[in-house]
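Here is the structure we will look at.
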Amino acid sequence: MSEPSRAECRMCAAPPHAFIVPPDAPVLVTGATGFVGPAVVASLLRHGHRNIRTLARPSSALARFDAIVRSHPHGANVEVVRGNLLSPDDCTAATRDIAVIYHLAMKGDKSYPDAYMNTVVTTRNLLDACLRDGTLRRFVNVSSFAVYSNTGKTQRRLLDESSPVERQSHRRGEAYCFAKQKQDEIVAEYGRDHGVPYVIVRPGSVFGPGKHAITGRVGIDSFGIYLHLGGSNRIPFTYLDNCADAIVLAGLTAGVDGEVFNVVDDDLPTSRQFLRLYKRNVRPFPSIYVPHAISYTLCYLWEKYSAWSQGQLPPAFNRSRWHAEWKKTRYSNCKAKARLGWTPRVPMPEALDRYFQACRNRQHA
Amino acid sequence: MLKVAIIGCGKIADDHATQIQRIANCEIVGVCDREPLMARQLFERFPVKKYYSDVAQLLTDARPDVAHITTPPQGHFELAHLCLENGCHVYVEKPFTLNLKEAEELVGLAEAKGLKLAVGHDHQFTHVARRMRTLVQNGYLGGPPVHMECLYCYDLSDPAYARALLGDKQHWVRKLPGKLLQNIISHGIARLAEHLITEAPQVVACGFTSPLLKSLGETDIVDELRVIISEQEQTTAYFTFSSQMRPAVSQFRIFGPKNGLLLDQDHEVLLRLSGKRLKSYAEKFLPPIGAASQLLGNLTTNVRTFLANDFHFKAGMRHLIESFYQSIRKGTPVPIPYREILRTARIMDDIFEQLYAE
């Protein structure tokens, strides 16, 4: 990968914003071997940061991560600390002398306790280690759109950083939503009670090479045939590299402590447009469109039956989930653009092309 | 109102809390985990009165009648001991303890204190397992079992468990005396132990690491196990644990002098295996019709149970917990006799001793 010139880099061409740390400041990236993590490391390198530490589980494969580091020939000092965020000692070792932490590590567990342990307990351990070390200038918590309730609003209303988050997140039937909401809470709590400087970044549906499944906001294939639920909804996509740029800027930009930033790209396709393009560019498959009124009714009935039967059917479908994932909503990225100087570097048509190409390559592999 | 506490707030504690909620006249007065956040998350999601990070405080403050121990097995003995000392009946998740010695000590203490114990072998209390037990008790086999076979598989490609275990050399499962097997096989061994008579049957075990795990660089974990159990030259049993066999079944077959039974846990199917032989071609045509009829009957039963809203995935756990609470309230026998708990522990000790003798 060649490093873009300053003129080519649209992000660098954005209005200048002061950064809180110099390029040689030590930065920690957790989850650097996951889907978004390597792109964050690449973005940091592109921003000139050369002192990067990552924390990876002993079992994590480093292939993607190594490829990114190798592609930046400027002699970056990228250190990999093997450890587990459940271990306070490992957290202490990872956070020593660190100025900015990008906390992306998570595990997509289906059980609530596992998701909570691997998201909230790990975050608490990391925050405690930061307090012990005392060198931290910014803690960037990478959250998710999943925490927004998207309820109590009329259709077509805008979802932005001021939108309410899910208060009864365990009722949505998604351990991920519960864990992410509690993670945001504990980060804010440490900011309030211990003065930890933090920023929360909430990406929409991150897509790109390396993640091939179609987001559930478009539809589901749980019942043997693909049910298209999104219809004319805009899908809050953010391309991997664009999202990584926003995360990096959230850690560097001055004057945004305590802020939340939603990350979605420009020119979002509708669910129907995306599905059509996917079928044309990757593989055709049958799907059935389920209109919003019907999907809402089915979610309502499922929720009621689940409650009545005391969980004989788990509450996987419910009105809360419908509002969060399938309700028609508009999205804004104005705050990230204005406060971070972020602009999606890869335009949506090109991002989709890259994604479809990666999906095709995977199919042929 | 029975006051219940849950100690250990990991994954299995969710199942306990869910099933306890479905049982009348009991309440969860406290949950406890040494990681306070884990205790808090359970407290936030279930109707629980209070959460704790110290067991002693839970016992003195909430004063539960029953404590459910749902921690990793390394903590079972110590915690159960503490609860019994504090006058609580105790339900311990499987495996009951790390070894027979600990199991005997807990049973002895419970008996001395006039308290009750249960172990989380809930697979023995599913609908289909209870139907099988009824048939056995009614003499369908025609006498004591001649032979039993238990197939118990675990798909290690399940990322939730396997990735965590295989990727973490410090995982608590690796520190058990029987490693992975100790955390998994007790359900299957307990099925056999239920129908054995002697306290110390003869056990011959053979185990190895599957080629798949070896290819992943794993050498410590035994994930293929074959066991022969026999007692007094009368009843014999085979136990098979496999992580590689497909389909990954959970089946139990028991044969008596007259008839046999086949229990398919995955599909909640129970088939009667008649010992009668028919003449000539009737033997080829009529039994398949009978088998088809039995399968249809099982389907009908399962649908009926579902429609009656009693076909939850953890129906066996609910029945076991409810039976245990009933035995506490009414002074009736415990759902799993202590001799079965001890026999299961002894067989497992024998297996691990042979596998890990070196």
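Every chain in the structure tokens takes a letter, A first, then B, and so on in the order presented; its residues are numbered from 1, and the ligands are numbered from 1 following the presented order.
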Counting only C-alpha atoms, which residues from chain B have an atom at most 6 Å from any atom of chain A, and could you show them as a PyMOL selection string?
-> chain B and resi 10-11+167+309+312
In stretch 8-203 of chain A, what's alpha helix (DSSP H) per DSSP? Answer as a PyMOL selection string?
-> chain A and resi 10-13+37-46+63-70+88-95+112-116+122-133+175-194
